[in-house]
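Asker: Before I ask anything, let me first share the structure, which is written out below as structure tokens.
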Amino acid sequence: MIVPTFARRPIVGYGWIVLAAVGTGFLSFGLWVHHMFTTGLPGISLGLFSAASEAVAIPTGVQIFCFIATLAAGRYTHSLPMLYTFGGLAAFILGGLTGVMVALAPFDFQAHDSHFVVSHLHYVLIGGSVFPIIAGCYYFFPLINGKKLSDRLGRIAFWILFTGFNVTFLPMHFTGLRGMPRRVFTYPADMGFDVLNLVSSIGAGLLGIGFLIIVWDLVRPKKREPFAPRNLWKAGTLEWMPQMPAEPWGVRSIPEIDSRYPLWDQPNFLRDVDEGRFYLPDAEEGKRETLVTSVIDARPVQCLRLPGPSFIPAVAAITLGGFFILGTFYFWNLALLSTVLAIGAIWYWLWVGTAVVPEKAEKDVGLGLKLPLYVSGPDSVGWWAMFITMLAMMTAFVSLVFAYFFYWTIHEDFPPASARGPGVFWPCVAGAFLLGSWALTLLARRWNIMDRAGLFCGAIIVAIGLALAGGAAILAGPFYTGLDPKSHVYASIVWLLAIWCALHAAVGALMQLYCLARRVAGCMTVRHDIDITNVALFWHFVAVTIVITVAVIAGFPLAK
Amino acid sequence: MSEPSHHPTHESRQSLWRLIVSPTIWAAHFLLSYITAAIWCEKVAGRDGPLTGARVAIAIYTVVALVGIAINGWGGWRRHSYGAGEVPHDADTPEDRHRFLGFATLLLAALSAIAVLFAALVVIFFNDCR
């Protein structure tokens, strides 16, 4: 967004930018092993990951050429965010070029664990991420409190940072090629590293000074400074719609967009937004509302009510984070307490803030359009949130299954002959229980729509029991067959898969309990069934997880 | 929006999923090639063994993947050249959105085809599992 703004024209090759974003995202799944080229993997595996690492240079290069073409074709306007963008591009291109070198496994064998790699990765990260983030800070900061950061401090910081960065990391290419290993701070005096490392140390000092200036610019008091004008960079994109300082309600009305750069292309755009000539110009019921649109044509399809401002999400985040952080230090009791608090906070937050039954079915959103206030199933945003979350969970789960088979390929004896677990009985019992719970959840969803409250409650209660019993049974497999997770990687991966299933079963039981409580309390009705619909979706994923887990931990040792 | 729902540019007939078909085929090809080579070298031929069987399998995967990508890319090309429109397809019309999605699909198909060929090159350069 920074590049088209200061080129004063639409980005050149928008379709190619889509190629770059999607292409990089996909190829990244096949290149991470380039950090592990010297761990002794077979050559053919290295070759595949090297191929993907080289291929990713194509979309990255396309993106950089799009930026350069946009600047060349437009009317370039100089600005501080653009200065940082140039610095970032220059550094990233250099890092990308050394990247093409180290993506070749034989070259990496030589450069691995040396300062050459340190230099490469800092050119990529600082060029590709740190400079652009600082550019973003200077560009977007006025959206936070209506005040601009200092151009003078930013410019001084840029030149100190850019100089310091190159003085630090450019010499590391040479120290690395001379054989200086990374993560070593001492070496004999006659290795030829001394002068280069001294230069790098001076550069690191400069880099630190540059960052301090930026931090000071961000945190210094700005009370007496004037507010920036609205859309101060004369950008064409929508995020510059708010007034400076922003009104507490955000923007007055939700506009209809006909261009990728509506602030440039749509006449009287800001005036019409401010005068409430678009959707949802008022909040008659005093609720926080937004529009949900279709994916491709962006036709408004729902008026979505969102929860108001609250500290509960922050409490949930801190307590849930507490589980992981306290667990890292083996404070198990505190970690458990933190988890209970997190469950409480999430439960409360969902209960009061989501899937609230509206007082009317439809609402006039302006411009002669009436939209539903409550939508469930694949048309609702909550369903998609669950779907995408579970897709991420499935990716993690498939990685665990992959690990199981990876160990099978690299070990002569896997599962080891001495391992007796987890057996077939308990995993199959767990599979039957959890699939039963899944089926009952689907039936409960159906009986809810049919208004059979008694059947719904009965099915959900049995489903909760089956979920908990199934979770316990999957753990019983490795437990009763005496698999010691510290004895062998086999025992450890089996335990991990079983715990993964048990955790999902427990979370699934909590969700079923939530649906039961919502129905009993009247928050979920025959027509308003978001809760059970999304929980049923979650259970689809649990069903797939349990089938795969049982097939792997109980079935694979049999098939071998 | 004004067209009937059976019209090719109507929103109900568009899909974002078609955009990622080609990269997904690349991912499947990559994973299958990796798994085949790993199992071949560890369980069949041995760490110093020849690649023969794995090579044939990966050659078949590559042909299948390229055919799949070509079909997806051809669909993208057809949508890209729908009616009389030229890139960048950025007008606020269902036709241009239709063409734009087709164009992006075509580009991703081209990138995926190159990435699949890169992966296939590995078994041309390697003769054995070492």
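We name chains A, B, ... following the order of the structure tokens; residues begin at 1 in each chain, and ligands are numbered from 1 as shown.
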Pick out the chain B residues within 6 Å of chain A. Count only C-alpha atoms. Give them as a list in words.
Answerer: Glu42, Asp92, Ala104, Leu108, Ala115, Phe118, Ala119, Val122 and Arg130 of chain B
Asker: Selection from above, C-alpha atoms, as an mmCIF file, in the first residue's frame, can you write it?
Answerer:
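See out-v3.cif below for the written result:
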data_model
loop_
_atom_site.group_PDB
_atom_site.id
_atom_site.type_symbol
_atom_site.label_atom_id
_atom_site.label_comp_id
_atom_site.auth_asym_id
_atom_site.auth_seq_id
_atom_site.Cartn_x
_atom_site.Cartn_y
_atom_site.Cartn_z
ATOM 1 C CA GLU B 42 15.062 -46.610 3.349
ATOM 2 C CA ASP B 92 -16.103 -2.915 -11.071
ATOM 3 C CA ALA B 104 -4.596 -15.133 -11.445
ATOM 4 C CA LEU B 108 -0.471 -19.637 -10.490
ATOM 5 C CA ALA B 115 7.897 -25.724 -9.458
ATOM 6 C CA PHE B 118 12.060 -28.203 -10.602
ATOM 7 C CA ALA B 119 11.113 -31.011 -8.225
ATOM 8 C CA VAL B 122 15.966 -33.936 -8.806
ATOM 9 C CA ARG B 130 23.269 -41.474 -1.647
#
Asker: Which of these, A:Ala235, A:Val33, A:Leu513, A:Leu443, has the shortest distance to A:Leu468 once you count only C-alpha atoms?
Answerer: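 Closest candidate: A:Leu513.
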Asker: What's around B:Ala45 at 12 Å? Count only C-alpha atoms, leave out sequence neighbours fewer than 5 positions away in its own chain, and write the answer as a CSV table (one decimal) with all heavy atoms, in the first residue's frame.
Answerer:
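Saved as part-v8.csv:
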chain,number,residue,atom,x,y,z
B,36,THR,N,7.7,-41.1,-1.6
B,36,THR,CA,8.1,-42.2,-2.4
B,36,THR,C,9.6,-42.4,-2.3
B,36,THR,O,10.1,-43.5,-2.1
B,36,THR,CB,7.7,-42.0,-3.9
B,36,THR,OG1,6.4,-41.7,-3.9
B,36,THR,CG2,8.1,-43.2,-4.7
B,37,ALA,N,10.4,-41.3,-2.5
B,37,ALA,CA,11.9,-41.4,-2.4
B,37,ALA,C,12.3,-41.9,-1.0
B,37,ALA,O,13.2,-42.8,-0.9
B,37,ALA,CB,12.5,-40.1,-2.8
B,38,ALA,N,11.7,-41.4,0.0
B,38,ALA,CA,12.1,-41.7,1.4
B,38,ALA,C,11.9,-43.2,1.6
B,38,ALA,O,12.8,-43.9,2.1
B,38,ALA,CB,11.3,-40.9,2.4
B,39,ILE,N,10.7,-43.7,1.2
B,39,ILE,CA,10.4,-45.2,1.5
B,39,ILE,C,11.3,-46.0,0.6
B,39,ILE,O,11.8,-47.1,1.0
B,39,ILE,CB,8.9,-45.4,1.3
B,39,ILE,CG1,8.1,-44.7,2.4
B,39,ILE,CG2,8.6,-46.9,1.4
B,39,ILE,CD1,6.6,-44.8,2.3
B,40,TRP,N,11.4,-45.6,-0.7
B,40,TRP,CA,12.2,-46.4,-1.6
B,40,TRP,C,13.7,-46.6,-1.1
B,40,TRP,O,14.2,-47.6,-1.0
B,40,TRP,CB,12.2,-45.7,-3.0
B,40,TRP,CG,13.1,-46.4,-4.0
B,40,TRP,CD1,14.4,-46.1,-4.2
B,40,TRP,CD2,12.8,-47.5,-4.8
B,40,TRP,NE1,14.9,-47.0,-5.2
B,40,TRP,CE2,14.0,-47.9,-5.5
B,40,TRP,CE3,11.6,-48.3,-5.0
B,40,TRP,CZ2,14.0,-48.9,-6.4
B,40,TRP,CZ3,11.7,-49.3,-5.9
B,40,TRP,CH2,12.8,-49.7,-6.6
B,50,PRO,N,20.1,-48.1,-6.1
B,50,PRO,CA,19.7,-47.3,-7.2
B,50,PRO,C,18.3,-46.7,-7.1
B,50,PRO,O,17.5,-47.2,-6.3
B,50,PRO,CB,19.8,-48.3,-8.4
B,50,PRO,CG,19.5,-49.6,-7.7
B,50,PRO,CD,20.0,-49.5,-6.3
B,51,LEU,N,18.0,-45.7,-7.8
B,51,LEU,CA,16.7,-45.0,-7.7
B,51,LEU,C,15.6,-45.5,-8.6
B,51,LEU,O,14.5,-45.1,-8.5
B,51,LEU,CB,16.9,-43.5,-8.1
B,51,LEU,CG,17.1,-42.5,-6.9
B,51,LEU,CD1,17.2,-41.1,-7.5
B,51,LEU,CD2,16.0,-42.6,-5.9
B,52,THR,N,16.0,-46.5,-9.5
B,52,THR,CA,15.1,-46.9,-10.6
B,52,THR,C,13.6,-46.8,-10.4
B,52,THR,O,12.9,-46.1,-11.0
B,52,THR,CB,15.4,-48.4,-11.0
B,52,THR,OG1,15.7,-49.1,-9.8
B,52,THR,CG2,16.7,-48.4,-11.9
B,53,GLY,N,13.1,-47.6,-9.4
B,53,GLY,CA,11.6,-47.6,-9.2
B,53,GLY,C,11.1,-46.3,-8.8
B,53,GLY,O,10.0,-45.9,-9.3
B,54,ALA,N,11.8,-45.6,-7.9
B,54,ALA,CA,11.3,-44.3,-7.4
B,54,ALA,C,11.3,-43.3,-8.6
B,54,ALA,O,10.4,-42.5,-8.7
B,54,ALA,CB,12.2,-43.8,-6.3
B,128,ASP,N,21.1,-42.4,-7.6
B,128,ASP,CA,21.0,-43.4,-6.5
B,128,ASP,C,20.6,-42.6,-5.2
B,128,ASP,O,20.4,-41.4,-5.2
B,128,ASP,CB,22.2,-44.2,-6.3
B,128,ASP,CG,23.4,-43.3,-6.2
B,128,ASP,OD1,23.3,-42.3,-5.5
B,128,ASP,OD2,24.5,-43.7,-6.8
B,129,CYS,N,20.5,-43.4,-4.1
B,129,CYS,CA,19.9,-42.8,-2.9
B,129,CYS,C,21.0,-42.1,-2.1
B,129,CYS,O,20.7,-41.5,-1.0
B,129,CYS,CB,19.3,-43.9,-2.0
B,129,CYS,SG,17.8,-44.6,-2.8
B,130,ARG,N,22.2,-42.1,-2.5
B,130,ARG,CA,23.3,-41.5,-1.6
B,130,ARG,C,23.1,-40.0,-1.6
B,130,ARG,O,22.8,-39.3,-2.6
B,130,ARG,CB,24.7,-41.9,-2.1
B,130,ARG,CG,25.1,-43.1,-1.5
B,130,ARG,CD,26.4,-43.6,-2.1
B,130,ARG,NE,26.2,-44.0,-3.4
B,130,ARG,CZ,27.2,-44.0,-4.4
B,130,ARG,NH1,28.4,-43.6,-4.1
B,130,ARG,NH2,26.9,-44.4,-5.6
Asker: What's the 10 Å shell around A:Gly276, counting only C-alpha atoms, without same-chain residues fewer than 6 positions away, as a list in words?
Answerer: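 So the residues in contact are Val251, Arg252, Ser253, Ile254, Pro255, Leu270, Asp282 and Gly366 of chain A.
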